[in-house]
$ cat coords-v6.txt   # compact mmCIF, C-alpha atoms and all ligand atoms
# COMPACT_ATOMS: atom_id res chain seq x y z
CA MET A 29 0.00 0.00 0.00
CA PHE A 30 2.77 2.52 0.92
CA GLU A 31 4.27 2.08 -2.54
CA ASN A 32 0.93 3.28 -3.92
CA ILE A 33 0.40 6.20 -1.55
CA LEU A 34 3.84 7.74 -1.04
CA PRO A 35 4.49 8.51 -4.74
CA LEU A 36 1.28 10.55 -4.74
CA TYR A 37 3.24 12.96 -2.51
CA GLY A 38 6.34 12.78 -4.67
CA LEU A 39 8.06 10.45 -2.18
CA ASN A 40 10.04 7.48 -3.47
CA SER A 41 8.85 4.52 -1.42
CA ASP A 42 12.18 2.70 -1.93
CA LYS A 43 13.97 5.57 -0.20
CA THR A 44 11.67 5.97 2.79
CA THR A 45 11.24 4.07 6.01
CA VAL A 46 7.74 3.69 7.38
CA LYS A 47 7.02 2.80 11.00
CA LEU A 48 3.74 2.47 12.88
CA PHE A 49 3.56 5.42 15.25
CA GLY A 50 1.66 6.61 18.33
CA ASP A 51 -1.13 5.09 20.36
CA GLY A 52 -4.28 6.56 18.83
CA LEU A 53 -7.36 4.34 18.96
CA ILE A 54 -9.06 5.56 15.81
CA ASN A 55 -6.78 6.29 12.85
CA HIS A 56 -3.73 4.42 11.57
CA THR A 57 -0.62 6.50 11.96
CA TRP A 58 2.90 5.97 10.57
CA LYS A 59 6.10 7.95 10.75
CA VAL A 60 7.56 8.24 7.27
CA SER A 61 11.23 9.18 7.03
CA THR A 62 13.31 10.15 4.04
CA ASP A 63 16.99 11.10 4.22
CA ASP A 64 16.19 14.68 5.10
CA GLN A 65 12.54 14.87 6.21
CA ASN A 66 10.02 13.16 8.46
CA PHE A 67 6.27 13.02 8.03
CA ILE A 68 3.23 11.58 9.71
CA LEU A 69 1.10 9.53 7.34
CA GLN A 70 -2.43 8.80 8.45
CA LYS A 71 -5.19 6.59 7.17
CA VAL A 72 -8.45 8.14 8.30
CA ASN A 73 -10.90 5.73 9.88
CA ASN A 74 -13.92 6.25 7.70
CA ASP A 75 -16.11 3.92 9.74
CA VAL A 76 -15.88 6.56 12.46
CA PHE A 77 -15.57 9.62 10.22
CA LYS A 78 -18.17 8.96 7.55
CA SER A 79 -17.19 12.05 5.53
CA PRO A 80 -13.43 12.49 5.85
CA GLY A 81 -13.69 15.44 3.46
CA TYR A 82 -15.48 17.35 6.23
CA ILE A 83 -12.39 17.10 8.43
CA ASP A 84 -10.21 18.35 5.64
CA GLU A 85 -12.50 21.33 4.98
CA ASN A 86 -12.55 22.23 8.68
CA ILE A 87 -8.77 22.12 8.99
CA SER A 88 -8.41 24.22 5.88
CA LEU A 89 -10.97 26.84 7.05
CA ILE A 90 -9.25 27.17 10.41
CA LYS A 91 -5.84 27.35 8.77
CA GLN A 92 -6.99 30.21 6.52
CA TYR A 93 -8.25 32.10 9.57
CA LEU A 94 -5.13 31.49 11.67
CA ASP A 95 -2.76 32.31 8.82
CA ILE A 96 -4.25 35.79 8.82
CA LYS A 97 -4.95 36.38 12.52
CA TYR A 98 -2.19 34.35 14.21
CA PRO A 99 0.47 33.60 11.59
CA ASN A 100 3.00 32.49 14.23
CA TYR A 101 0.73 29.87 15.76
CA LEU A 102 2.00 26.31 15.16
CA PHE A 103 -1.00 24.81 13.41
CA VAL A 104 -0.18 21.33 12.09
CA SER A 105 -2.15 20.82 8.90
CA PRO A 106 -1.77 18.28 6.10
CA VAL A 107 0.52 18.96 3.16
CA ASN A 108 -0.80 18.87 -0.38
CA ALA A 109 -0.23 15.84 -2.57
CA LEU A 110 1.04 16.32 -6.13
CA ASN A 111 -2.57 16.70 -7.31
CA GLY A 112 -3.03 19.67 -4.95
CA GLU A 113 -5.32 17.79 -2.54
CA SER A 114 -4.66 17.59 1.22
CA LEU A 115 -6.79 14.46 1.62
CA LEU A 116 -6.48 11.57 -0.83
CA ASP A 117 -9.43 9.28 -1.53
CA THR A 118 -7.64 6.15 -2.84
CA ASP A 119 -8.50 2.49 -3.50
CA PHE A 120 -6.74 1.81 -0.18
CA GLY A 121 -8.71 4.36 1.85
CA TYR A 122 -8.40 8.02 2.81
CA TYR A 123 -4.87 9.26 3.45
CA ARG A 124 -3.18 12.47 4.48
CA LEU A 125 0.38 13.46 5.23
CA PHE A 126 1.47 15.91 7.92
CA PRO A 127 4.87 17.46 8.44
CA PHE A 128 6.42 15.70 11.44
CA VAL A 129 6.89 18.24 14.22
CA GLU A 130 10.62 17.82 14.83
CA GLY A 131 11.87 17.68 18.38
CA SER A 132 8.40 16.78 19.60
CA THR A 133 7.24 14.02 21.83
CA SER A 134 3.85 12.96 23.15
CA HIS A 135 2.91 11.24 26.39
CA ASN A 136 0.27 8.65 27.20
CA SER A 137 0.26 9.73 30.83
CA LEU A 138 1.58 12.68 32.80
CA THR A 139 4.32 12.50 35.34
CA ASN A 140 4.21 16.02 36.72
CA LYS A 141 1.69 18.79 37.13
CA GLN A 142 3.64 21.16 34.91
CA GLU A 143 2.73 18.90 31.97
CA ALA A 144 -0.95 19.25 32.92
CA TYR A 145 -0.54 23.02 33.01
CA GLU A 146 1.22 23.09 29.64
CA ALA A 147 -1.32 20.84 27.92
CA ALA A 148 -4.32 22.70 29.36
CA ARG A 149 -2.74 25.93 28.25
CA GLN A 150 -2.32 24.62 24.70
CA PHE A 151 -5.98 23.62 24.46
CA GLY A 152 -7.06 26.87 26.09
CA LYS A 153 -4.93 28.81 23.63
CA PHE A 154 -6.52 27.01 20.69
CA SER A 155 -10.02 27.96 21.91
CA ARG A 156 -8.95 31.51 22.71
CA ILE A 157 -7.43 32.29 19.34
CA LEU A 158 -10.50 30.83 17.67
CA ALA A 159 -12.99 32.68 19.88
CA GLY A 160 -13.54 35.15 17.02
CA PHE A 161 -14.03 32.41 14.43
CA ASP A 162 -17.64 31.52 13.67
CA ALA A 163 -17.93 27.91 14.92
CA ALA A 164 -21.09 27.46 12.84
CA LEU A 165 -18.90 27.46 9.69
CA LEU A 166 -17.42 24.12 10.70
CA ASN A 167 -18.72 20.79 9.44
CA ILE A 168 -19.96 18.30 12.01
CA THR A 169 -17.45 15.49 11.52
CA ILE A 170 -19.20 13.09 13.93
CA PRO A 171 -22.84 13.97 14.55
CA ASP A 172 -23.81 13.99 18.25
CA PHE A 173 -20.26 13.09 19.26
CA HIS A 174 -20.56 14.50 22.78
CA ASN A 175 -24.34 14.43 23.02
CA LEU A 176 -24.61 12.78 26.41
CA LYS A 177 -28.37 12.46 26.18
CA LEU A 178 -28.02 10.36 23.04
CA ARG A 179 -25.05 8.38 24.42
CA TYR A 180 -27.20 7.48 27.42
CA GLN A 181 -30.07 6.38 25.17
CA GLN A 182 -27.66 4.27 23.10
CA PHE A 183 -26.40 2.70 26.31
CA LEU A 184 -29.99 1.81 27.35
CA GLU A 185 -30.59 0.28 23.91
CA ALA A 186 -27.36 -1.70 24.18
CA CYS A 187 -28.59 -3.06 27.53
CA ASN A 188 -31.72 -4.29 25.75
CA THR A 189 -29.90 -6.03 22.93
CA ALA A 190 -26.68 -7.26 24.59
CA ASP A 191 -25.53 -10.80 24.76
CA PRO A 192 -26.94 -12.13 28.10
CA SER A 193 -23.52 -13.13 29.45
CA ARG A 194 -22.04 -9.68 28.85
CA LEU A 195 -25.16 -8.08 30.32
CA GLN A 196 -24.94 -10.21 33.44
CA ALA A 197 -21.22 -9.55 33.87
CA SER A 198 -21.76 -5.80 33.83
CA ALA A 199 -24.78 -5.59 36.17
CA ASN A 200 -22.90 -3.51 38.79
CA GLU A 201 -21.54 -1.09 36.22
CA ILE A 202 -24.95 -0.68 34.57
CA ASN A 203 -26.43 0.10 37.99
CA PHE A 204 -23.75 2.70 38.61
CA ILE A 205 -24.42 4.43 35.29
CA ASN A 206 -28.15 4.53 35.99
CA ALA A 207 -27.65 5.71 39.57
CA ASN A 208 -25.67 8.68 38.26
CA LYS A 209 -28.14 9.77 35.60
CA ASN A 210 -28.23 13.21 37.22
CA ILE A 211 -25.07 13.88 35.16
CA VAL A 212 -27.18 13.42 32.01
CA ASP A 213 -29.94 15.62 33.44
CA THR A 214 -27.49 18.46 34.09
CA TYR A 215 -26.20 18.15 30.51
CA CYS A 216 -29.79 18.36 29.18
CA LYS A 217 -30.43 21.46 31.28
CA ILE A 218 -27.25 23.17 30.01
CA VAL A 219 -27.97 22.40 26.38
CA ASP A 220 -31.76 22.78 26.28
CA SER A 221 -31.69 26.19 27.92
CA LYS A 222 -28.53 27.22 26.01
CA GLU A 223 -26.86 28.17 29.27
CA ILE A 224 -23.40 28.10 27.72
CA PRO A 225 -22.35 29.00 24.16
CA LEU A 226 -21.16 26.86 21.30
CA ARG A 227 -17.47 27.40 20.56
CA VAL A 228 -14.76 25.83 18.44
CA VAL A 229 -13.99 22.80 20.57
CA HIS A 230 -11.31 20.14 20.06
CA HIS A 231 -13.34 17.30 21.63
CA ASP A 232 -10.37 14.98 22.24
CA THR A 233 -7.98 16.70 24.61
CA LYS A 234 -6.33 13.59 25.92
CA ILE A 235 -2.69 13.97 26.67
CA ASN A 236 -1.33 12.23 23.57
CA ASN A 237 -3.02 14.85 21.42
CA VAL A 238 -0.56 17.47 22.66
CA LEU A 239 2.99 17.65 21.40
CA PHE A 240 5.70 18.71 23.86
CA ASP A 241 9.19 19.90 23.12
CA LEU A 242 12.20 18.16 24.61
CA GLY A 243 12.12 20.55 27.58
CA ASN A 244 8.52 19.43 28.18
CA ASN A 245 6.95 22.73 27.20
CA GLY A 246 3.66 22.46 25.31
CA LEU A 247 4.29 22.94 21.59
CA CYS A 248 0.95 22.51 19.91
CA ILE A 249 -2.14 20.40 19.73
CA ILE A 250 -2.83 17.75 17.10
CA ASP A 251 -5.58 15.31 16.09
CA LEU A 252 -8.00 17.89 14.76
CA ASP A 253 -10.55 15.42 13.38
CA THR A 254 -13.13 16.19 16.03
CA VAL A 255 -12.71 19.97 16.00
CA MET A 256 -16.34 21.06 15.72
CA PRO A 257 -18.80 23.42 17.34
CA GLY A 258 -19.26 22.27 20.94
CA HIS A 259 -19.13 23.24 24.60
CA PHE A 260 -15.98 24.00 26.56
CA ILE A 261 -16.90 21.23 29.05
CA SER A 262 -15.85 18.70 26.40
CA ASP A 263 -12.27 19.95 26.33
CA VAL A 264 -11.87 20.63 30.03
CA GLY A 265 -13.61 17.36 30.90
CA ASP A 266 -11.36 15.21 28.74
CA MET A 267 -8.34 16.80 30.37
CA MET A 268 -9.72 15.87 33.79
CA ARG A 269 -10.34 12.37 32.51
CA THR A 270 -6.87 11.83 31.16
CA TYR A 271 -4.57 13.98 33.29
CA LEU A 272 -5.78 13.59 36.87
CA ALA A 273 -4.77 10.00 37.52
CA GLU A 274 -1.36 8.58 36.77
CA ALA A 275 -3.08 5.37 35.66
CA SER A 276 -4.45 5.53 32.11
CA GLU A 277 -7.79 4.22 30.88
CA GLU A 278 -6.01 0.92 30.16
CA GLU A 279 -5.12 0.26 33.81
CA THR A 280 -6.85 -2.82 35.22
CA ASP A 281 -5.59 -2.49 38.79
CA LEU A 282 -8.25 -0.05 39.96
CA SER A 283 -6.42 0.69 43.21
CA LYS A 284 -3.95 2.64 41.06
CA ILE A 285 -6.63 5.13 40.03
CA VAL A 286 -5.88 7.99 42.37
CA ILE A 287 -6.74 11.63 41.66
CA ARG A 288 -3.95 14.14 41.94
CA LYS A 289 -5.69 17.28 43.15
CA ASP A 290 -2.68 19.44 42.33
CA PHE A 291 -3.06 18.32 38.71
CA TYR A 292 -6.67 19.54 38.80
CA ASP A 293 -5.42 22.93 39.92
CA ALA A 294 -2.80 22.87 37.17
CA ILE A 295 -5.46 22.18 34.51
CA TYR A 296 -7.47 25.07 35.92
CA SER A 297 -4.50 27.45 35.84
CA GLY A 298 -3.32 26.44 32.37
CA TYR A 299 -6.75 26.65 30.80
CA MET A 300 -7.74 29.83 32.60
CA ASP A 301 -4.47 31.58 31.80
CA GLU A 302 -5.76 31.54 28.23
CA MET A 303 -9.52 31.49 28.63
CA LYS A 304 -10.40 33.52 31.74
CA ASP A 305 -11.52 36.54 29.72
CA VAL A 306 -13.27 34.45 27.10
CA LEU A 307 -15.44 32.12 29.22
CA THR A 308 -18.75 33.44 30.53
CA LEU A 309 -19.51 33.43 34.25
CA LYS A 310 -21.94 30.59 33.64
CA GLU A 311 -19.28 28.52 31.89
CA LYS A 312 -16.93 29.02 34.82
CA GLU A 313 -19.62 27.58 37.12
CA TYR A 314 -19.49 24.35 35.12
CA PHE A 315 -15.72 23.88 35.32
CA ASN A 316 -15.95 21.08 37.87
CA TYR A 317 -18.99 19.51 36.17
CA ALA A 318 -16.88 19.16 32.99
CA GLY A 319 -14.92 16.28 34.56
CA LYS A 320 -18.05 14.40 35.61
CA PHE A 321 -19.60 14.93 32.18
CA ILE A 322 -16.71 13.45 30.20
CA ILE A 323 -15.60 10.69 32.57
CA TYR A 324 -19.20 9.50 32.84
CA MET A 325 -19.65 9.68 29.05
CA GLN A 326 -16.45 7.73 28.41
CA ALA A 327 -17.57 5.06 30.90
CA ILE A 328 -20.85 4.83 28.98
CA ARG A 329 -19.05 4.66 25.63
CA PHE A 330 -16.74 1.81 26.71
CA LEU A 331 -19.55 -0.07 28.45
CA THR A 332 -21.88 0.35 25.45
CA ASP A 333 -19.13 -0.94 23.19
CA PHE A 334 -18.61 -3.96 25.43
CA LEU A 335 -22.38 -4.62 25.35
CA GLN A 336 -22.26 -4.30 21.55
CA ASP A 337 -19.38 -6.74 21.14
CA ASP A 338 -16.63 -4.12 20.74
CA ILE A 339 -17.72 -2.80 17.37
CA TYR A 340 -16.36 0.72 17.87
CA TYR A 341 -13.14 0.61 19.88
CA GLY A 342 -12.13 -2.94 19.04
CA SER A 343 -10.55 -5.03 21.76
CA ARG A 344 -7.09 -6.44 22.22
CA TYR A 345 -8.20 -9.05 24.73
CA GLU A 346 -11.43 -10.56 26.06
CA GLY A 347 -13.25 -8.01 28.22
CA HIS A 348 -11.00 -5.10 27.16
CA ASN A 349 -13.80 -2.52 26.85
CA PHE A 350 -15.41 -3.81 30.03
CA ASN A 351 -12.15 -3.20 31.87
CA ARG A 352 -11.90 0.25 30.35
CA ALA A 353 -15.46 1.00 31.51
CA LYS A 354 -14.65 -0.22 35.04
CA ASN A 355 -11.56 1.97 34.99
CA GLN A 356 -13.58 5.05 34.04
CA ILE A 357 -16.21 4.30 36.69
CA ALA A 358 -13.47 4.03 39.33
CA LEU A 359 -12.08 7.35 38.10
CA LEU A 360 -15.48 9.00 38.32
CA LYS A 361 -15.95 7.73 41.88
CA GLU A 362 -12.60 9.24 42.85
CA TYR A 363 -13.47 12.48 41.07
CA GLN A 364 -16.76 12.72 42.92
CA LYS A 365 -14.90 12.31 46.22
CA MET A 366 -12.36 15.04 45.39
CA LYS A 367 -12.42 17.83 47.96
CA GLY A 368 -11.83 21.51 47.54
CA SER A 369 -12.14 21.64 43.77
CA LEU A 370 -12.49 25.03 42.21
P1 LIG A 401 -5.48 9.27 16.43
O1 LIG A 401 -6.65 9.99 15.86
O2 LIG A 401 -5.49 7.83 16.03
O3 LIG A 401 -5.38 9.46 17.91
P2 LIG A 401 -3.30 11.22 16.14
O4 LIG A 401 -3.47 12.27 15.07
O5 LIG A 401 -3.53 11.65 17.53
O6 LIG A 401 -4.15 9.91 15.76
O7 LIG A 401 -1.79 10.69 16.00
C1 LIG A 401 -1.34 9.59 16.79
C2 LIG A 401 0.01 9.95 17.44
O8 LIG A 401 0.99 10.29 16.42
C3 LIG A 401 -0.03 11.18 18.34
O9 LIG A 401 -0.44 10.86 19.66
C4 LIG A 401 1.42 11.67 18.29
O10 LIG A 401 2.23 10.89 19.17
C5 LIG A 401 1.86 11.33 16.86
N1 LIG A 401 1.72 12.48 15.92
C6 LIG A 401 0.62 12.80 15.20
N2 LIG A 401 0.85 13.86 14.41
C7 LIG A 401 2.14 14.22 14.61
C8 LIG A 401 2.99 15.24 14.05
N3 LIG A 401 2.55 16.07 13.09
N4 LIG A 401 4.28 15.32 14.48
C9 LIG A 401 4.74 14.45 15.42
N5 LIG A 401 4.00 13.47 15.98
C10 LIG A 401 2.71 13.34 15.58
C1 LIG A 402 -10.62 8.04 20.76
O1 LIG A 402 -8.63 8.93 18.39
P1 LIG A 402 -8.25 8.93 19.83
O2 LIG A 402 -7.56 7.68 20.25
O3 LIG A 402 -7.48 10.21 20.18
C2 LIG A 402 -12.01 8.67 20.67
C3 LIG A 402 -12.22 9.63 21.83
C4 LIG A 402 -12.11 8.86 23.13
C5 LIG A 402 -10.75 8.17 23.16
C6 LIG A 402 -10.63 7.25 24.36
C7 LIG A 402 -13.24 9.82 17.31
O4 LIG A 402 -9.63 9.04 20.66
O5 LIG A 402 -13.50 10.22 21.76
O6 LIG A 402 -12.22 9.72 24.20
O7 LIG A 402 -10.52 7.36 21.99
N1 LIG A 402 -12.16 9.36 19.40
C8 LIG A 402 -13.22 9.13 18.62
O8 LIG A 402 -9.29 6.87 24.49
O9 LIG A 402 -14.14 8.37 18.96
MG MG A 403 -4.98 11.14 18.95

$ encode --input "coords-v6.txt" --output "structure tokens"
Amino acid sequence: MFENILPLYGLNSDKTTVKLFGDGLINHTWKVSTDDQNFILQKVNNDVFKSPGYIDENISLIKQYLDIKYPNYLFVSPVNALNGESLLDTDFGYYRLFPFVEGSTSHNSLTNKQEAYEAARQFGKFSRILAGFDAALLNITIPDFHNLKLRYQQFLEACNTADPSRLQASANEINFINANKNIVDTYCKIVDSKEIPLRVVHHDTKINNVLFDLGNNGLCIIDLDTVMPGHFISDVGDMMRTYLAEASEEETDLSKIVIRKDFYDAIYSGYMDEMKDVLTLKEKEYFNYAGKFIIYMQAIRFLTDFLQDDIYYGSRYEGHNFNRAKNQIALLKEYQKMKGSL
């Protein structure tokens, strides 16, 4: 396949090395190296992104805006192929090629609170510099992506159609999700009464979507596929979900899921250092809710996938998505116990 794709970018496949790269769950990512340049090649998952062209249009619209308003901002966008297109629709799938950000690294977990600050600041900066961009211009790349009301309904449907053994195994987790439905009710209240505005939101602020330099300063954000109109709670919430505990969503020893309150404060400082003058007072009131919203939704998404035989996330071992759901439930319980949060 590479020998078919790389020449479309003018790269000689005999003179490049290609290595699988990163730990994303959705796309396929490779590092492509020539003698003098490195790239990131990605195959877009078009089961998840039904219209990959929408992503490409969004990235290009934002790039046009930033090129004028913030020309020094490091915005990582795909390079054009020889035919002038930045997304290739080929017999082998949809492909794009990014410049590799040299001297960058990404983490799957955070080891110190400064990293949380840096990452939150990068996502806050992205929202701040796009506060003047009309979010309604963006395509919806995944409809209802963070619609918690719908995710909850899909979870209830999955409970009705699941394989009986999987249903029985997850009885405690299903009870927990139902017992915490107030998190869905709050979401409905926020959205139905338009309490907080729609903004340009990244929707996937987990730590490996931030690139750091070798001194561990935040460089830029990547993985722009889910940049769409949304609510700031999506971005702040996914930071809470992925930065607060040292253990990642893959951890199966639940005793290792411990919230680091100082990391919460670091997320707050990093995000607010960029967004304090942009967020409304009402939005600020929902800062803590953001964590509940996303951790709960991710628990639902993993549990629903387990109940639906792992059709979305796939599974590397029996019960993988069930373990991920249990992990997220444990994280939510810890989050709910956290004292003194802002
Ligand atoms: P996915 O949608 O599957 O999560 P990402 O776009 O996040 O894919 O890419 C997966 C990983 O590849 C990232 O976590 C990061 O480590 C690395 N990566 C992606 N783009 C670049 C880039 N332009 N420069 C350097 N590393 C990158
Ligand atoms: C997926 O693509 P990736 O790995 O950054 C998912 C996120 C989930 C995350 C859980 C399009 O993110 O919504 O939070 O896995 N992306 C999509 O790890 O579903
Ligand atoms: Mg990613």

$ residues_near_ligand --input "coords-v6.txt" --ligand "ligand LIG 402 (chain A)" --cutoff "6 Å" --atoms "all atoms listed in the file" --output "PyMOL selection string"
chain A and resi 52-54+232

$ residues_around --input "coords-v6.txt" --residues "A:Ile339" --least-positions-apart "3" --cutoff "12 Å" --atoms "only C-alpha atoms" --output "number ranges by chain"
A: 75-76, 186, 329-336, 342-343, 349

$ closest_residue --input "coords-v6.txt" --among "A:Ile168, A:Ile211, A:Ala147, A:Cys216" --to "A:Asp263" --atoms "all atoms listed in the file"
A:Ala147

$ residues_around --input "coords-v6.txt" --residues "A:Asp51" --least-positions-apart "3" --cutoff "9 Å" --atoms "all atoms listed in the file" --output "count of residues only"
3

$ residues_around --input "coords-v6.txt" --residues "A:Gly131" --least-positions-apart "5" --cutoff "9 Å" --atoms "all atoms listed in the file" --output "list in words"
Phe240, Asp241 and Leu242 of chain A

$ residues_near_ligand --input "coords-v6.txt" --ligand "ligand MG 403 (chain A)" --cutoff "12 Å" --atoms "only C-alpha atoms and all ligand atoms" --output "PyMOL selection string"
chain A and resi 49-57+70+72+134-136+230-239+249-254

$ residues_near_point --input "coords-v6.txt" --point "(-15.4, 8.9, 38.7)" --cutoff "9 Å" --atoms "only C-alpha atoms" --output "list in words"
Arg269, Gly319, Lys320, Ile323, Tyr324, Ala327, Asn355, Gln356, Ile357, Ala358, Leu359, Leu360, Lys361, Glu362, Tyr363, Gln364 and Lys365 of chain A

$ closest_residue --input "coords-v6.txt" --among "A:Leu195, A:Val129, A:Ala159, A:Leu184" --to "ligand LIG 401 (chain A)" --atoms "all atoms listed in the file"
A:Val129

$ atom_distance --input "coords-v6.txt" --atom1 "atom O1 of ligand LIG 401 (chain A)" --atom2 "atom CA of A:Leu69"
11.5 Å

$ residues_around --input "coords-v6.txt" --residues "A:Asn167" --least-positions-apart "3" --cutoff "10 Å" --atoms "all atoms listed in the file" --output "ChimeraX atom specification"
/A:79,81-86,163-164,170-171,254-257

$ atom_distance --input "coords-v6.txt" --atom1 "atom N2 of ligand LIG 401 (chain A)" --atom2 "atom CA of A:Asn74"
17.9 Å

$ residues_around --input "coords-v6.txt" --residues "A:Gln181" --least-positions-apart "3" --cutoff "12 Å" --atoms "all atoms listed in the file" --output "ChimeraX atom specification"
/A:175-178,184-188,205-206,209,212,325,328-329,332

$ atom_distance --input "coords-v6.txt" --atom1 "atom CA of A:Ala109" --atom2 "atom CA of A:Leu247"
25.6 Å

$ closest_residue --input "coords-v6.txt" --among "A:Lys43, A:Lys312, A:Lys78, A:Arg124" --to "ligand LIG 401 (chain A)" --atoms "all atoms listed in the file"
A:Arg124

$ closest_residue --input "coords-v6.txt" --among "A:Ala273, A:Val104, A:Ile90, A:Leu115" --to "ligand LIG 401 (chain A)" --atoms "all atoms listed in the file"
A:Val104
